[in-house]
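**Student:** Structure provided below as C-alpha cells; questions to follow.
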Amino acid sequence: MKILSKTLLGLSAAGLLAAAMVSSPAKAENITLRIASGHSPAVVYAGLMKNFFQPELKKAVEARTKHKLNFIEGYSGSIVKVYEVFEGVQSGIIDLGGFCYCFEPSNLKMHAFQVMTPFGTTDSAVSLKVAQDVYKDFPLLTSMFEKKFNQKLLAIISDAPYHLGTSFEWNKVSDLKGIKIAGAGLNLNWLKYAGVTPVQGSLPEAYTGMKTHIYEGWIMFPSAWVNLKLYEPGPHYTMIGFGAITWHALTMNKQSWAKLPKDVQGVMMDVAKKFEEQTGSANVARYKTDVAKLRGGLAKVKDLDPGVRQSWAESLRDWPGEYARSLEKEGLPAVAILNRVLESAESHGHKWPVRYKISK
C-alpha cells in the first residue's frame, strides 16, 4: 500500500468522520457527497464528472426521489492527489473519486488491459465498448473493488487516443533514443520496448516537467496538449495512434454507498451509466476539436510515417504475451482477458497492425 502524503494523512481522521456523516440515512432529506479527482476539470473525464455527472445526478435525485443532493468538490488535487484518489475512496476521506489505473500498478494490475495491447482502436467510444465486453465477461474486475478495496465501481472511463508530443521534431524511432519521454504506468513499456527512455509522470506536473527539461516529450492525448498548454514547451505533436484506452474509473466508498437511500442508489447507477457512455462519445467529439486546434497553429502536427508506426508496433510484438504470463503466475486470468480484448476490438472493426500472440 502506498504511503499517504502528509496532506492526506492530516485529512484521514476528519475524513473518516466526515464519511460517516456525509451520506444521509434513508429518511434524511439532504445528502452531501464529497467528490474528488487529482486532475483538474480541464482533463476531459474530470470535466465530465463536474459538468455532467454531478448536475445530472443532482437533477435526477431531486426529480425522482424526495431527497436533496449537494456536493463538496475536490478537483485538481485539492483533497487528494492523482496517486491518492483510490486510497482516498477506500478510506472514506472522499465518497466519490475519479482516477487512472496507471497510479495503481500494484492494486489493479489487470485493469489496465488495453494498455497491454497497444495500437488498438483510436475511437474512444469503441474503446469503451471493448472494455465493457471485457468487464462483462470477467466480473472479477468489478467485484475486486468491493471485495478488496472497500469501494463500488460506478463507471469505467474512456480516454482519447494517445499520441506523442515533444519539444523537438523527429521522424523515426531512432531519433528518440537516449531522450527522456514521459508516460504513466504501463504505457511506459510502449517506450521501453522501442528503445526510448521512459520517465514516470503525471498531468499536474507535465507542463513544468517539459518546461524544465525533466523530459522532452509525453505520450498524451490531444485534449491535454491543448487544455494544459503543453504545446508551449512541446510544440511538436506526432500522430502515432497508440490507441484510445479505457483505464480510468469512478468509484464510491462502500460505507457511503450503503448509507444512501435505496432509491438514490438506483438513480446513481442510472446516471453513472450515462456518464460512462459520455466518456466515450464526448472524447470522440473533443478529439476532433482538439486535433483541429493543434493543426490550426497551436503546434506543428505531423502524421507518423506508416512504416515507422508499423516498426514501432513490431517492437512491442512480444511484450503483451510476456506480461500476461507474468500476471498468470499471480493468479490473474491475463491470457484470457487479453485475448478477449483482441477479439472484441476486431468484432468492432479494428485491425491490429501486429496481431499479438498471447498464450500460456
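Following the order of the C-alpha cells, chains are lettered A, B, ..., residues in each are numbered from 1, and ligands are numbered from 1.
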Which residues are near Trp218 in chain A? Cut-off 12 Å, only C-alpha atoms, ignore same chain within fewer than 3 positions. Put them as a PyMOL selection string.

**Tutor:** chain A and resi 162-168+176+179-184+187-188+190-191+196-203+205-207+209-210+213-215+221-222+224-225+230-231+233-238

**Student:** Could those residues be written to a file, using N, CA and C atoms, as a CSV table (one decimal), in the first residue's frame?

**Tutor:**
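Now in result-v4.csv:
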chain,number,residue,atom,x,y,z
A,162,TYR,N,-4.0,8.1,-27.6
A,162,TYR,CA,-2.7,8.6,-27.2
A,162,TYR,C,-1.8,8.8,-28.4
A,163,HIS,N,-1.1,9.9,-28.5
A,163,HIS,CA,-0.1,10.2,-29.5
A,163,HIS,C,1.2,10.6,-28.7
A,164,LEU,N,2.1,11.3,-29.4
A,164,LEU,CA,3.3,11.8,-28.8
A,164,LEU,C,3.6,13.2,-29.0
A,165,GLY,N,3.7,14.0,-28.0
A,165,GLY,CA,4.1,15.4,-28.1
A,165,GLY,C,5.5,15.5,-27.6
A,166,THR,N,6.3,16.4,-28.3
A,166,THR,CA,7.7,16.5,-28.0
A,166,THR,C,8.2,18.0,-28.1
A,167,SER,N,9.3,18.3,-27.5
A,167,SER,CA,9.9,19.6,-27.6
A,167,SER,C,10.7,19.8,-28.9
A,168,PHE,N,10.8,18.7,-29.7
A,168,PHE,CA,11.7,18.7,-30.9
A,168,PHE,C,11.0,17.9,-32.0
A,176,LEU,N,14.5,9.1,-31.2
A,176,LEU,CA,14.1,9.3,-29.8
A,176,LEU,C,15.0,8.6,-28.8
A,179,ILE,N,16.6,9.9,-25.4
A,179,ILE,CA,15.7,11.1,-25.0
A,179,ILE,C,14.7,10.6,-23.9
A,180,LYS,N,14.6,11.4,-22.9
A,180,LYS,CA,13.6,11.1,-21.9
A,180,LYS,C,12.2,11.5,-22.3
A,181,ILE,N,11.3,10.5,-22.3
A,181,ILE,CA,9.9,10.7,-22.7
A,181,ILE,C,9.0,10.3,-21.5
A,182,ALA,N,8.0,11.0,-21.2
A,182,ALA,CA,7.2,10.7,-20.0
A,182,ALA,C,6.0,9.9,-20.5
A,183,GLY,N,5.5,9.1,-19.5
A,183,GLY,CA,4.3,8.4,-19.7
A,183,GLY,C,3.7,8.1,-18.3
A,184,ALA,N,2.8,7.2,-18.2
A,184,ALA,CA,2.2,6.9,-16.9
A,184,ALA,C,1.9,5.4,-16.8
A,187,ASN,N,2.0,2.3,-19.8
A,187,ASN,CA,2.3,2.7,-21.1
A,187,ASN,C,3.8,3.1,-21.3
A,188,LEU,N,4.5,3.2,-20.2
A,188,LEU,CA,6.0,3.4,-20.2
A,188,LEU,C,6.6,2.2,-21.0
A,190,TRP,N,5.5,1.0,-23.8
A,190,TRP,CA,5.5,1.4,-25.2
A,190,TRP,C,6.8,2.1,-25.6
A,191,LEU,N,7.4,2.8,-24.7
A,191,LEU,CA,8.7,3.4,-24.9
A,191,LEU,C,9.8,2.5,-24.7
A,196,VAL,N,13.2,3.6,-26.2
A,196,VAL,CA,13.2,5.0,-25.8
A,196,VAL,C,13.2,5.1,-24.3
A,197,THR,N,13.8,6.1,-23.7
A,197,THR,CA,14.0,6.2,-22.2
A,197,THR,C,12.7,6.7,-21.6
A,198,PRO,N,12.0,5.8,-20.8
A,198,PRO,CA,10.7,6.2,-20.2
A,198,PRO,C,10.9,6.9,-18.8
A,199,VAL,N,10.0,7.9,-18.6
A,199,VAL,CA,10.0,8.6,-17.3
A,199,VAL,C,8.6,8.6,-16.8
A,200,GLN,N,8.4,8.2,-15.5
A,200,GLN,CA,7.0,8.3,-15.0
A,200,GLN,C,6.6,9.7,-14.8
A,201,GLY,N,5.4,10.1,-15.2
A,201,GLY,CA,4.9,11.5,-15.0
A,201,GLY,C,3.5,11.5,-14.6
A,202,SER,N,3.0,12.7,-14.3
A,202,SER,CA,1.5,12.9,-14.1
A,202,SER,C,1.1,14.2,-14.7
A,203,LEU,N,-0.1,14.3,-15.1
A,203,LEU,CA,-0.5,15.6,-15.8
A,203,LEU,C,-0.4,16.8,-14.9
A,205,GLU,N,1.9,17.9,-13.2
A,205,GLU,CA,3.3,18.4,-13.3
A,205,GLU,C,3.9,18.4,-14.7
A,206,ALA,N,3.0,18.1,-15.7
A,206,ALA,CA,3.5,17.9,-17.0
A,206,ALA,C,4.1,19.1,-17.6
A,207,TYR,N,3.5,20.3,-17.5
A,207,TYR,CA,4.0,21.5,-18.1
A,207,TYR,C,5.3,21.8,-17.5
A,209,GLY,N,7.4,19.8,-16.0
A,209,GLY,CA,8.4,18.8,-16.4
A,209,GLY,C,8.9,19.0,-17.8
A,210,MET,N,8.1,19.4,-18.7
A,210,MET,CA,8.5,19.7,-20.1
A,210,MET,C,9.3,21.0,-20.1
A,213,HIS,N,12.8,20.6,-18.7
A,213,HIS,CA,13.5,19.5,-19.4
A,213,HIS,C,13.8,18.3,-18.6
A,214,ILE,N,12.9,18.1,-17.6
A,214,ILE,CA,13.0,16.8,-16.9
A,214,ILE,C,12.8,15.7,-17.9
A,215,TYR,N,11.9,15.9,-18.9
A,215,TYR,CA,11.7,15.1,-20.0
A,215,TYR,C,11.4,16.0,-21.2
A,221,PHE,N,-2.8,12.4,-24.9
A,221,PHE,CA,-4.0,12.6,-25.8
A,221,PHE,C,-4.0,14.1,-26.1
A,222,PRO,N,-4.6,14.5,-27.3
A,222,PRO,CA,-4.6,15.9,-27.7
A,222,PRO,C,-5.3,16.9,-26.7
A,224,ALA,N,-5.2,17.2,-23.5
A,224,ALA,CA,-4.3,17.6,-22.5
A,224,ALA,C,-3.3,18.6,-23.2
A,225,TRP,N,-2.9,18.3,-24.4
A,225,TRP,CA,-1.9,19.1,-25.1
A,225,TRP,C,-2.5,20.5,-25.3
A,230,LEU,N,0.4,22.4,-23.2
A,230,LEU,CA,1.6,21.6,-23.3
A,230,LEU,C,2.3,21.9,-24.6
A,231,TYR,N,1.6,22.5,-25.6
A,231,TYR,CA,2.1,22.9,-26.9
A,231,TYR,C,3.2,24.0,-26.7
A,233,PRO,N,5.8,24.2,-24.2
A,233,PRO,CA,7.1,23.6,-24.1
A,233,PRO,C,7.3,22.4,-25.1
A,234,GLY,N,6.2,22.0,-25.7
A,234,GLY,CA,6.2,20.9,-26.6
A,234,GLY,C,5.5,21.2,-27.9
A,235,PRO,N,6.1,22.0,-28.8
A,235,PRO,CA,5.4,22.5,-30.0
A,235,PRO,C,5.2,21.4,-31.1
A,236,HIS,N,5.8,20.2,-30.9
A,236,HIS,CA,5.7,19.2,-31.9
A,236,HIS,C,4.8,18.1,-31.4
A,237,TYR,N,3.7,17.8,-32.2
A,237,TYR,CA,2.8,16.7,-31.9
A,237,TYR,C,2.7,15.7,-33.0
A,238,THR,N,3.1,14.5,-32.7
A,238,THR,CA,3.1,13.5,-33.8
A,238,THR,C,2.0,12.5,-33.6

**Student:** Per DSSP on the backbone, filter range 5-140 of chain A down to the residues in alpha helix (DSSP H) and report them as a PyMOL selection string.

**Tutor:** chain A and resi 6-22+44-48+54-64+85-91+124-137+140

**Student:** Could those residues be written to a file, using C-alpha atoms, as a CSV table (one decimal), in the first residue's frame?

**Tutor:**
chain,number,residue,atom,x,y,z
A,6,LYS,CA,1.0,14.5,4.9
A,7,THR,CA,-2.0,16.3,3.5
A,8,LEU,CA,-3.9,13.1,3.1
A,9,LEU,CA,-2.8,11.8,6.5
A,10,GLY,CA,-4.0,15.0,8.0
A,11,LEU,CA,-7.4,14.6,6.5
A,12,SER,CA,-7.7,11.0,7.4
A,13,ALA,CA,-9.3,11.3,10.9
A,14,ALA,CA,-11.5,14.2,9.9
A,15,GLY,CA,-12.3,12.5,6.6
A,16,LEU,CA,-13.4,9.2,8.2
A,17,LEU,CA,-15.7,11.1,10.5
A,18,ALA,CA,-17.0,13.1,7.5
A,19,ALA,CA,-17.6,9.9,5.6
A,20,ALA,CA,-19.8,8.6,8.4
A,21,MET,CA,-21.8,11.8,8.3
A,22,VAL,CA,-21.7,12.7,4.6
A,44,VAL,CA,-11.9,15.6,-20.1
A,45,TYR,CA,-13.1,12.9,-17.7
A,46,ALA,CA,-12.7,15.2,-14.6
A,47,GLY,CA,-14.6,17.9,-16.5
A,48,LEU,CA,-17.4,15.3,-17.2
A,54,GLN,CA,-22.8,16.0,-10.8
A,55,PRO,CA,-25.6,18.1,-12.3
A,56,GLU,CA,-27.3,15.1,-13.9
A,57,LEU,CA,-27.2,13.2,-10.6
A,58,LYS,CA,-28.5,16.1,-8.6
A,59,LYS,CA,-31.3,16.8,-11.1
A,60,ALA,CA,-32.3,13.1,-11.3
A,61,VAL,CA,-32.2,12.6,-7.5
A,62,GLU,CA,-34.3,15.6,-6.8
A,63,ALA,CA,-36.8,14.8,-9.6
A,64,ARG,CA,-37.2,11.1,-8.8
A,85,VAL,CA,-7.7,9.1,-5.1
A,86,PHE,CA,-8.1,5.3,-5.0
A,87,GLU,CA,-6.9,5.2,-1.4
A,88,GLY,CA,-8.9,8.3,-0.5
A,89,VAL,CA,-12.1,6.5,-1.6
A,90,GLN,CA,-11.1,3.3,0.2
A,91,SER,CA,-10.5,5.0,3.5
A,124,SER,CA,-12.9,6.3,-27.7
A,125,ALA,CA,-16.4,5.0,-28.0
A,126,VAL,CA,-15.2,1.7,-29.5
A,127,SER,CA,-12.5,1.5,-26.7
A,128,LEU,CA,-15.3,1.8,-24.2
A,129,LYS,CA,-17.3,-0.9,-25.9
A,130,VAL,CA,-14.3,-3.2,-25.9
A,131,ALA,CA,-13.7,-2.6,-22.2
A,132,GLN,CA,-17.4,-3.2,-21.4
A,133,ASP,CA,-17.2,-6.5,-23.2
A,134,VAL,CA,-14.2,-7.5,-21.0
A,135,TYR,CA,-15.8,-6.3,-17.8
A,136,LYS,CA,-19.0,-8.3,-18.7
A,137,ASP,CA,-17.0,-11.5,-19.3
A,140,LEU,CA,-13.8,-10.2,-11.0

**Student:** Give the strand (DSSP E) residues of range 94-245 of chain A, as assigned by DSSP on the backbone, as number ranges by chain.

**Tutor:** A: 96-100, 151-166, 180-183, 197-200, 217-220, 236-245

**Student:** Neighbouring residues of range 332-346 of chain A were defined as those with any atom within 9 Å, considering only C-alpha atoms; residues of the same chain fewer than 5 positions away were excluded. Please report them as number ranges by chain.

**Tutor:** A: 109-110, 113-114, 116-117, 120-121, 126-127, 129-131, 133-134, 137-138, 320-321, 323-327, 351-352, 355-360

**Student:** Could you take the residues named above and write them with N, CA and C atoms, as a tab-separated table (two decimals), in the first residue's frame?

**Tutor:**
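The result, written out as selection_27.tsv:
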chain	number	residue	atom	x	y	z
A	109	LYS	N	-3.61	-4.49	-11.08
A	109	LYS	CA	-2.67	-4.94	-12.11
A	109	LYS	C	-3.33	-5.33	-13.42
A	110	MET	N	-4.53	-5.90	-13.34
A	110	MET	CA	-5.17	-6.44	-14.53
A	110	MET	C	-6.07	-5.42	-15.23
A	113	PHE	N	-5.84	-3.44	-18.97
A	113	PHE	CA	-5.66	-4.44	-20.03
A	113	PHE	C	-5.52	-3.84	-21.42
A	114	GLN	N	-6.14	-2.70	-21.70
A	114	GLN	CA	-5.99	-2.13	-23.04
A	114	GLN	C	-4.60	-1.52	-23.24
A	116	MET	N	-2.04	-2.96	-22.25
A	116	MET	CA	-1.22	-4.13	-22.54
A	116	MET	C	-1.35	-4.57	-24.00
A	117	THR	N	-2.26	-3.95	-24.73
A	117	THR	CA	-2.45	-4.26	-26.15
A	117	THR	C	-2.39	-2.97	-26.94
A	120	GLY	N	-4.30	-0.20	-30.39
A	120	GLY	CA	-5.71	-0.59	-30.52
A	120	GLY	C	-6.51	0.50	-31.19
A	121	THR	N	-7.82	0.43	-31.08
A	121	THR	CA	-8.70	1.39	-31.73
A	121	THR	C	-8.39	2.82	-31.27
A	126	VAL	N	-15.45	3.15	-29.20
A	126	VAL	CA	-15.18	1.73	-29.45
A	126	VAL	C	-14.31	1.17	-28.33
A	127	SER	N	-13.34	1.94	-27.88
A	127	SER	CA	-12.51	1.52	-26.74
A	127	SER	C	-13.39	1.19	-25.54
A	129	LYS	N	-16.55	0.27	-25.61
A	129	LYS	CA	-17.31	-0.95	-25.89
A	129	LYS	C	-16.45	-2.19	-25.66
A	130	VAL	N	-15.20	-2.12	-26.07
A	130	VAL	CA	-14.28	-3.25	-25.86
A	130	VAL	C	-14.11	-3.50	-24.36
A	131	ALA	N	-13.90	-2.44	-23.60
A	131	ALA	CA	-13.74	-2.58	-22.16
A	131	ALA	C	-15.01	-3.13	-21.52
A	133	ASP	N	-17.15	-5.10	-22.88
A	133	ASP	CA	-17.18	-6.53	-23.20
A	133	ASP	C	-16.33	-7.32	-22.21
A	134	VAL	N	-15.15	-6.80	-21.92
A	134	VAL	CA	-14.22	-7.50	-21.03
A	134	VAL	C	-14.76	-7.52	-19.60
A	137	ASP	N	-17.50	-10.11	-19.29
A	137	ASP	CA	-17.05	-11.50	-19.33
A	137	ASP	C	-16.16	-11.88	-18.15
A	138	PHE	N	-15.59	-10.87	-17.49
A	138	PHE	CA	-14.70	-11.14	-16.35
A	138	PHE	C	-15.16	-10.29	-15.16
A	320	PRO	N	3.03	-8.01	-24.83
A	320	PRO	CA	1.75	-8.41	-24.23
A	320	PRO	C	1.74	-9.84	-23.72
A	321	GLY	N	2.29	-10.76	-24.51
A	321	GLY	CA	2.32	-12.15	-24.09
A	321	GLY	C	3.21	-12.36	-22.88
A	323	TYR	N	4.02	-10.17	-20.61
A	323	TYR	CA	3.43	-9.56	-19.42
A	323	TYR	C	2.24	-10.38	-18.92
A	324	ALA	N	1.46	-10.90	-19.87
A	324	ALA	CA	0.31	-11.72	-19.48
A	324	ALA	C	0.76	-12.95	-18.70
A	325	ARG	N	1.82	-13.58	-19.14
A	325	ARG	CA	2.31	-14.77	-18.45
A	325	ARG	C	2.82	-14.43	-17.04
A	326	SER	N	3.39	-13.24	-16.88
A	326	SER	CA	3.84	-12.85	-15.54
A	326	SER	C	2.66	-12.63	-14.61
A	327	LEU	N	1.55	-12.12	-15.14
A	327	LEU	CA	0.35	-11.93	-14.33
A	327	LEU	C	-0.35	-13.25	-14.03
A	351	LYS	N	-8.45	-3.33	-36.91
A	351	LYS	CA	-7.43	-4.21	-37.48
A	351	LYS	C	-6.10	-3.91	-36.80
A	352	TRP	N	-5.54	-4.89	-36.11
A	352	TRP	CA	-4.30	-4.70	-35.38
A	352	TRP	C	-3.12	-4.64	-36.35
A	355	ARG	N	-0.80	-8.60	-34.80
A	355	ARG	CA	-1.77	-9.44	-34.08
A	355	ARG	C	-1.01	-10.20	-33.00
A	356	TYR	N	-1.09	-9.69	-31.79
A	356	TYR	CA	-0.35	-10.28	-30.67
A	356	TYR	C	-0.75	-11.73	-30.45
A	357	LYS	N	0.26	-12.57	-30.18
A	357	LYS	CA	0.03	-13.97	-29.85
A	357	LYS	C	0.18	-14.11	-28.32
A	358	ILE	N	-0.93	-14.38	-27.65
A	358	ILE	CA	-0.91	-14.40	-26.19
A	358	ILE	C	-1.37	-15.77	-25.72
A	359	SER	N	-0.46	-16.51	-25.13
A	359	SER	CA	-0.78	-17.86	-24.66
A	359	SER	C	0.04	-18.17	-23.43
A	360	LYS	N	-0.39	-19.19	-22.71
A	360	LYS	CA	0.32	-19.61	-21.51
A	360	LYS	C	1.57	-20.38	-21.87

**Student:** For CA of Met252 in chain A and CA of Ala42 in chain A, determine how far apart the two atoms are, in Å to one decimal place.

**Tutor:**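 Straight-line distance from CA of Met252 in chain A to CA of Ala42 in chain A works out to 22.1 Å.
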
**Student:** I need the residue nearest Ile31 in chain A from this list: A:Asp318, A:Asp95, A:Glu277, A:Glu330. Use only C-alpha atoms for the distance.

**Tutor:** A:Asp95

**Student:** Separation of CA of Trp247 in chain A and CA of Pro161 in chain A, in Å?

**Tutor:** 12.0 Å
